[in-house]
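What follows is a single structure, written as structure tokens, with notes after it.
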Amino acid sequence: MAAGERKNQKQRTRTAVVNAAVRLLQTGKSPTVSEVARAALVSPATAYRYFPNASSLWSAVLLAIGEPNARDVFAGLEKASLEERVTAMIESVGGRMLANEAIWRAAHSIQFEAASNNRIPTRTGQRLRWIEEALAPAQRKLGKRQHARLMHALALVIGADAMITLRDVCRLSARDAKQVSVWAGQALVRAAQSDRR
């Protein structure tokens, strides 16, 4: 097999493993890398060659389902208000979760299982990274304590747990859940700015 063909075959195998993981997650399952390998019709050894652990496979799944890029989310918002930046973050990140609800429900459920170390998905800390990016221009203005408090409060507004609460407990439509998240995020920003003053 020529080098170009070998490279193409590797890419096809990698894609097959990622697609199998997405399919399994969409059914509400939280599979191991070995279970994903079987669904992709490859050996576990092959799957582990591409994804040595559940965390690396989960990262690939996030990219496959359209992990937003911070540059795109905040494009043109460099001088925008903090409220506008937080709104953009919630609409993008929260909207993606609502568009892939089954995957995020699986992600949420597996995080609370005792023996979940080798299953996907795993926690990535991405939620706090997004919030930090949204608040970055105002970090100095808010002050260290208020910045940290706002970050932690916003963590309650986005993420799988917030989505599930709004959808299941509050029985909101996906559209209404997103609107409530945005409203709550804006209210938290205004409260933090008001406290700072």
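FYI, nothing fancy with the structure tokens labels: chains A, B, ... in order, residues from 1 per chain, ligands from 1 as they appear.
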### Task
Could you give me the residues within chain A that DSSP places in helix (DSSP H, G or I), as number ranges by chain?
A: 3-26, 33-39, 44-50, 54-64, 70-73, 82-99, 101-110, 126-142, 144-154, 160-169, 174-196
Counting only C-alpha atoms, which residues in region 20-101 of chain A sit no more than 12 Å from region 127-133 of chain A? For each one, give the nearest pair of atoms and the distance in Å, sorted by chain then residue number, as a tab-separated table.
residue	atom	partner	partner_atom	distance
A:Glu67	CA	A:Trp130	CA	11.3
A:Pro68	CA	A:Trp130	CA	9.9
A:Asn69	CA	A:Trp130	CA	9.9
A:Ala70	CA	A:Glu133	CA	7.6
A:Arg71	CA	A:Glu133	CA	10.0
A:Val73	CA	A:Trp130	CA	9.9
A:Phe74	CA	A:Glu133	CA	8.8
A:Leu77	CA	A:Glu133	CA	11.5
A:Glu78	CA	A:Glu133	CA	11.0
A:Leu82	CA	A:Glu133	CA	10.8
A:Glu83	CA	A:Ile131	CA	11.9
A:Arg85	CA	A:Glu133	CA	8.9
A:Val86	CA	A:Ile131	CA	7.6
A:Thr87	CA	A:Ile131	CA	10.7
A:Ala88	CA	A:Trp130	CA	10.6
A:Met89	CA	A:Trp130	CA	7.0
A:Ile90	CA	A:Ile131	CA	9.0
A:Glu91	CA	A:Trp130	CA	11.8
A:Ser92	CA	A:Trp130	CA	10.2
A:Val93	CA	A:Trp130	CA	8.2
A:Gly94	CA	A:Arg127	CA	10.2
A:Met97	CA	A:Arg127	CA	11.6
Using N, CA and C atoms, can you export the residues from the last selection as an mmCIF file, in the first residue's frame?
data_model
loop_
_atom_site.group_PDB
_atom_site.id
_atom_site.type_symbol
_atom_site.label_atom_id
_atom_site.label_comp_id
_atom_site.auth_asym_id
_atom_site.auth_seq_id
_atom_site.Cartn_x
_atom_site.Cartn_y
_atom_site.Cartn_z
ATOM 1 N N GLU A 67 -17.566 21.667 17.849
ATOM 2 C CA GLU A 67 -17.057 22.477 18.963
ATOM 3 C C GLU A 67 -16.799 23.885 18.449
ATOM 4 N N PRO A 68 -17.449 24.884 19.015
ATOM 5 C CA PRO A 68 -17.243 26.244 18.522
ATOM 6 C C PRO A 68 -15.803 26.700 18.730
ATOM 7 N N ASN A 69 -15.371 27.592 17.886
ATOM 8 C CA ASN A 69 -14.057 28.183 17.996
ATOM 9 C C ASN A 69 -14.215 29.542 18.661
ATOM 10 N N ALA A 70 -13.400 29.820 19.675
ATOM 11 C CA ALA A 70 -13.525 31.084 20.412
ATOM 12 C C ALA A 70 -13.396 32.290 19.492
ATOM 13 N N ARG A 71 -12.526 32.191 18.497
ATOM 14 C CA ARG A 71 -12.372 33.314 17.550
ATOM 15 C C ARG A 71 -13.682 33.599 16.838
ATOM 16 N N VAL A 73 -16.818 32.689 17.899
ATOM 17 C CA VAL A 73 -17.856 33.087 18.852
ATOM 18 C C VAL A 73 -17.734 34.562 19.211
ATOM 19 N N PHE A 74 -16.506 35.019 19.408
ATOM 20 C CA PHE A 74 -16.293 36.393 19.864
ATOM 21 C C PHE A 74 -15.817 37.332 18.761
ATOM 22 N N LEU A 77 -16.512 41.154 18.653
ATOM 23 C CA LEU A 77 -16.970 41.531 19.986
ATOM 24 C C LEU A 77 -15.816 41.963 20.894
ATOM 25 N N GLU A 78 -14.690 42.279 20.286
ATOM 26 C CA GLU A 78 -13.514 42.662 21.074
ATOM 27 C C GLU A 78 -13.807 43.882 21.948
ATOM 28 N N LEU A 82 -19.636 43.480 28.233
ATOM 29 C CA LEU A 82 -19.510 42.173 28.875
ATOM 30 C C LEU A 82 -20.798 41.370 28.684
ATOM 31 N N GLU A 83 -21.906 42.043 28.761
ATOM 32 C CA GLU A 83 -23.201 41.394 28.576
ATOM 33 C C GLU A 83 -23.316 40.773 27.180
ATOM 34 N N ARG A 85 -20.820 39.813 25.242
ATOM 35 C CA ARG A 85 -19.889 38.679 25.134
ATOM 36 C C ARG A 85 -20.454 37.440 25.835
ATOM 37 N N VAL A 86 -21.046 37.641 27.003
ATOM 38 C CA VAL A 86 -21.640 36.513 27.725
ATOM 39 C C VAL A 86 -22.828 35.959 26.934
ATOM 40 N N THR A 87 -23.615 36.833 26.340
ATOM 41 C CA THR A 87 -24.745 36.389 25.510
ATOM 42 C C THR A 87 -24.255 35.542 24.344
ATOM 43 N N ALA A 88 -23.212 36.004 23.658
ATOM 44 C CA ALA A 88 -22.658 35.247 22.522
ATOM 45 C C ALA A 88 -22.175 33.874 22.966
ATOM 46 N N MET A 89 -21.517 33.822 24.131
ATOM 47 C CA MET A 89 -21.023 32.545 24.645
ATOM 48 C C MET A 89 -22.174 31.591 24.941
ATOM 49 N N ILE A 90 -23.199 32.083 25.642
ATOM 50 C CA ILE A 90 -24.321 31.214 26.019
ATOM 51 C C ILE A 90 -25.073 30.739 24.781
ATOM 52 N N GLU A 91 -25.296 31.634 23.843
ATOM 53 C CA GLU A 91 -26.012 31.236 22.615
ATOM 54 C C GLU A 91 -25.235 30.187 21.834
ATOM 55 N N SER A 92 -23.927 30.345 21.776
ATOM 56 C CA SER A 92 -23.110 29.397 21.016
ATOM 57 C C SER A 92 -22.950 28.071 21.749
ATOM 58 N N VAL A 93 -22.477 28.128 22.982
ATOM 59 C CA VAL A 93 -22.206 26.898 23.739
ATOM 60 C C VAL A 93 -23.511 26.215 24.148
ATOM 61 N N GLY A 94 -24.441 26.992 24.708
ATOM 62 C CA GLY A 94 -25.735 26.427 25.097
ATOM 63 C C GLY A 94 -26.532 25.938 23.908
ATOM 64 N N MET A 97 -25.295 22.601 22.787
ATOM 65 C CA MET A 97 -25.748 21.521 23.677
ATOM 66 C C MET A 97 -27.193 21.141 23.376
#
### Query
Which is closest to Arg190 (chain A) among A:Asp72, A:Glu84, A:Asp168, A:Glu101, if we use only C-alpha atoms?
A:Glu84
Once you count only C-alpha atoms, what closest atom pair and distance in Å to one decimal does each residue of region 63-115 of chain A within 9 Å of region 169-175 of chain A have, with rows by chain and rising residue number, as JSON lines?
{"residue": "A:Gly95", "atom": "CA", "partner": "A:Ala174", "partner_atom": "CA", "distance": 8.5}
{"residue": "A:Leu98", "atom": "CA", "partner": "A:Ala174", "partner_atom": "CA", "distance": 6.2}
{"residue": "A:Ala99", "atom": "CA", "partner": "A:Ala174", "partner_atom": "CA", "distance": 8.5}
For the residues in the current selection, export N, CA and C atoms as a PDB file, in the first residue's frame.
ATOM      1  N   GLY A  95     -26.467  26.692  22.818  1.00  0.00           N
ATOM      2  CA  GLY A  95     -27.178  26.285  21.598  1.00  0.00           C
ATOM      3  C   GLY A  95     -26.660  24.980  21.042  1.00  0.00           C
ATOM      4  N   LEU A  98     -28.025  22.129  23.148  1.00  0.00           N
ATOM      5  CA  LEU A  98     -29.436  21.837  22.854  1.00  0.00           C
ATOM      6  C   LEU A  98     -29.585  21.152  21.499  1.00  0.00           C
ATOM      7  N   ALA A  99     -28.693  21.463  20.564  1.00  0.00           N
ATOM      8  CA  ALA A  99     -28.744  20.828  19.243  1.00  0.00           C
ATOM      9  C   ALA A  99     -28.270  19.375  19.294  1.00  0.00           C
TER      10      ALA A  99
END
Against region 12-28 of chain A, which residues of region 39-136 of chain A fall within 12 Å? For each one I want the closest pair of atoms and the distance in Å (one decimal), counting only C-alpha atoms, rows by chain and increasing residue number, as a Markdown table.
| residue | atom | partner | partner_atom | distance |
| --- | --- | --- | --- | --- |
| A:Ala39 | CA | A:Ala20 | CA | 5.8 |
| A:Ala40 | CA | A:Val17 | CA | 5.3 |
| A:Leu41 | CA | A:Ala16 | CA | 8.4 |
| A:Val42 | CA | A:Thr13 | CA | 7.9 |
| A:Ser43 | CA | A:Val17 | CA | 10.3 |
| A:Pro44 | CA | A:Val17 | CA | 10.2 |
| A:Ala45 | CA | A:Val17 | CA | 12.0 |
| A:Thr46 | CA | A:Thr13 | CA | 8.6 |
| A:Ala47 | CA | A:Val17 | CA | 6.8 |
| A:Tyr48 | CA | A:Val17 | CA | 10.0 |
| A:Arg49 | CA | A:Arg14 | CA | 9.5 |
| A:Tyr50 | CA | A:Arg14 | CA | 6.5 |
| A:Phe51 | CA | A:Arg14 | CA | 8.7 |
| A:Ala54 | CA | A:Ala21 | CA | 10.4 |
| A:Ser56 | CA | A:Val18 | CA | 10.5 |
| A:Leu57 | CA | A:Val18 | CA | 7.1 |
| A:Trp58 | CA | A:Ala21 | CA | 8.4 |
| A:Ser59 | CA | A:Val18 | CA | 9.8 |
| A:Ala60 | CA | A:Val18 | CA | 6.6 |
| A:Val61 | CA | A:Val18 | CA | 6.0 |
| A:Leu62 | CA | A:Val22 | CA | 9.1 |
| A:Leu63 | CA | A:Val18 | CA | 9.6 |
| A:Ala64 | CA | A:Val18 | CA | 7.5 |
| A:Ile65 | CA | A:Val22 | CA | 8.0 |
| A:Gly66 | CA | A:Val22 | CA | 11.7 |
| A:Ala99 | CA | A:Gln26 | CA | 11.1 |
| A:Asn100 | CA | A:Gln26 | CA | 7.7 |
| A:Glu101 | CA | A:Gln26 | CA | 8.1 |
| A:Ala102 | CA | A:Gln26 | CA | 5.0 |
| A:Ile103 | CA | A:Leu25 | CA | 4.9 |
| A:Trp104 | CA | A:Leu25 | CA | 8.3 |
| A:Arg105 | CA | A:Gly28 | CA | 6.8 |
| A:Ala106 | CA | A:Gly28 | CA | 5.0 |
| A:Ala107 | CA | A:Leu25 | CA | 8.1 |
| A:His108 | CA | A:Gly28 | CA | 10.2 |
| A:Ser109 | CA | A:Gly28 | CA | 9.1 |
| A:Ile110 | CA | A:Gly28 | CA | 10.0 |
| A:Arg119 | CA | A:Ala21 | CA | 10.8 |
| A:Ile120 | CA | A:Ala21 | CA | 8.5 |
| A:Pro121 | CA | A:Leu25 | CA | 8.9 |
Using N, CA and C atoms, can you export the residues from the last selection as a short mmCIF file (atom, residue, chain, number, x, y, z; two decimals), in the first residue's frame?
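Below is the file part.cif, written as the result:
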data_model
loop_
_atom_site.label_atom_id
_atom_site.label_comp_id
_atom_site.auth_asym_id
_atom_site.auth_seq_id
_atom_site.Cartn_x
_atom_site.Cartn_y
_atom_site.Cartn_z
N ALA A 39 -18.41 -1.06 17.56
CA ALA A 39 -19.42 -0.40 16.74
C ALA A 39 -18.82 0.11 15.43
N ALA A 40 -17.53 0.43 15.44
CA ALA A 40 -16.85 0.93 14.24
C ALA A 40 -16.29 -0.20 13.39
N LEU A 41 -16.47 -1.44 13.87
CA LEU A 41 -15.97 -2.64 13.19
C LEU A 41 -14.46 -2.65 13.06
N VAL A 42 -13.79 -2.19 14.13
CA VAL A 42 -12.33 -2.30 14.21
C VAL A 42 -12.00 -2.96 15.55
N SER A 43 -10.77 -3.40 15.67
CA SER A 43 -10.36 -4.03 16.93
C SER A 43 -10.14 -2.97 18.00
N PRO A 44 -10.32 -3.34 19.27
CA PRO A 44 -10.01 -2.38 20.34
C PRO A 44 -8.58 -1.86 20.25
N ALA A 45 -7.64 -2.73 19.89
CA ALA A 45 -6.24 -2.30 19.77
C ALA A 45 -6.10 -1.19 18.74
N THR A 46 -6.83 -1.32 17.63
CA THR A 46 -6.80 -0.28 16.60
C THR A 46 -7.37 1.03 17.12
N ALA A 47 -8.51 0.94 17.79
CA ALA A 47 -9.13 2.16 18.33
C ALA A 47 -8.21 2.83 19.34
N TYR A 48 -7.58 2.04 20.20
CA TYR A 48 -6.68 2.61 21.21
C TYR A 48 -5.43 3.21 20.58
N ARG A 49 -5.07 2.75 19.39
CA ARG A 49 -3.93 3.35 18.68
C ARG A 49 -4.24 4.80 18.31
N TYR A 50 -5.49 5.05 17.95
CA TYR A 50 -5.90 6.41 17.59
C TYR A 50 -6.29 7.23 18.82
N PHE A 51 -6.92 6.56 19.78
CA PHE A 51 -7.43 7.23 20.97
C PHE A 51 -6.99 6.44 22.20
N ALA A 54 -10.27 7.56 26.99
CA ALA A 54 -11.61 8.08 26.74
C ALA A 54 -11.60 9.59 26.53
N SER A 56 -9.33 11.48 25.09
CA SER A 56 -8.91 11.86 23.73
C SER A 56 -10.03 11.59 22.72
N LEU A 57 -10.79 10.52 22.94
CA LEU A 57 -11.92 10.23 22.05
C LEU A 57 -13.03 11.26 22.24
N TRP A 58 -13.29 11.64 23.49
CA TRP A 58 -14.32 12.66 23.77
C TRP A 58 -13.95 13.98 23.10
N SER A 59 -12.67 14.35 23.12
CA SER A 59 -12.23 15.58 22.45
C SER A 59 -12.52 15.51 20.95
N ALA A 60 -12.30 14.35 20.36
CA ALA A 60 -12.58 14.17 18.94
C ALA A 60 -14.08 14.24 18.66
N VAL A 61 -14.88 13.70 19.57
CA VAL A 61 -16.34 13.78 19.43
C VAL A 61 -16.79 15.24 19.46
N LEU A 62 -16.24 16.01 20.39
CA LEU A 62 -16.62 17.43 20.48
C LEU A 62 -16.32 18.16 19.18
N LEU A 63 -15.17 17.85 18.57
CA LEU A 63 -14.84 18.47 17.28
C LEU A 63 -15.81 18.02 16.20
N ALA A 64 -16.17 16.74 16.22
CA ALA A 64 -17.06 16.20 15.20
C ALA A 64 -18.46 16.81 15.25
N ILE A 65 -18.92 17.14 16.46
CA ILE A 65 -20.27 17.71 16.57
C ILE A 65 -20.25 19.23 16.52
N GLY A 66 -19.08 19.79 16.20
CA GLY A 66 -19.02 21.22 15.97
C GLY A 66 -18.64 22.05 17.17
N ALA A 99 -28.69 21.46 20.56
CA ALA A 99 -28.74 20.83 19.24
C ALA A 99 -28.27 19.37 19.29
N ASN A 100 -27.48 19.03 20.30
CA ASN A 100 -26.95 17.67 20.46
C ASN A 100 -27.33 17.14 21.84
N GLU A 101 -28.59 17.29 22.18
CA GLU A 101 -29.05 17.04 23.55
C GLU A 101 -28.75 15.62 24.04
N ALA A 102 -28.96 14.62 23.20
CA ALA A 102 -28.74 13.23 23.64
C ALA A 102 -27.29 13.00 24.04
N ILE A 103 -26.37 13.58 23.28
CA ILE A 103 -24.94 13.42 23.59
C ILE A 103 -24.62 14.06 24.93
N TRP A 104 -25.15 15.24 25.16
CA TRP A 104 -24.85 15.94 26.41
C TRP A 104 -25.55 15.32 27.61
N ARG A 105 -26.69 14.70 27.38
CA ARG A 105 -27.34 13.97 28.47
C ARG A 105 -26.48 12.77 28.86
N ALA A 106 -25.93 12.08 27.86
CA ALA A 106 -25.05 10.95 28.14
C ALA A 106 -23.80 11.44 28.88
N ALA A 107 -23.28 12.59 28.45
CA ALA A 107 -22.10 13.17 29.10
C ALA A 107 -22.39 13.46 30.56
N HIS A 108 -23.55 14.00 30.81
CA HIS A 108 -23.93 14.36 32.18
C HIS A 108 -24.08 13.13 33.05
N SER A 109 -24.76 12.11 32.53
CA SER A 109 -25.03 10.93 33.35
C SER A 109 -23.76 10.16 33.71
N ILE A 110 -22.83 10.07 32.79
CA ILE A 110 -21.64 9.25 33.05
C ILE A 110 -20.73 9.91 34.08
N ARG A 119 -14.79 5.40 30.41
CA ARG A 119 -15.91 5.65 29.52
C ARG A 119 -15.86 7.08 29.00
N ILE A 120 -16.44 7.27 27.82
CA ILE A 120 -16.59 8.64 27.35
C ILE A 120 -18.02 9.05 27.65
N PRO A 121 -18.24 10.28 27.94
CA PRO A 121 -17.30 11.38 27.96
C PRO A 121 -16.67 11.59 29.32
#
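The closest residue to His152 (chain A), picked from A:Leu135, A:Arg167, A:Gly4, A:Ser30 and counting only C-alpha atoms, is A:Leu135.
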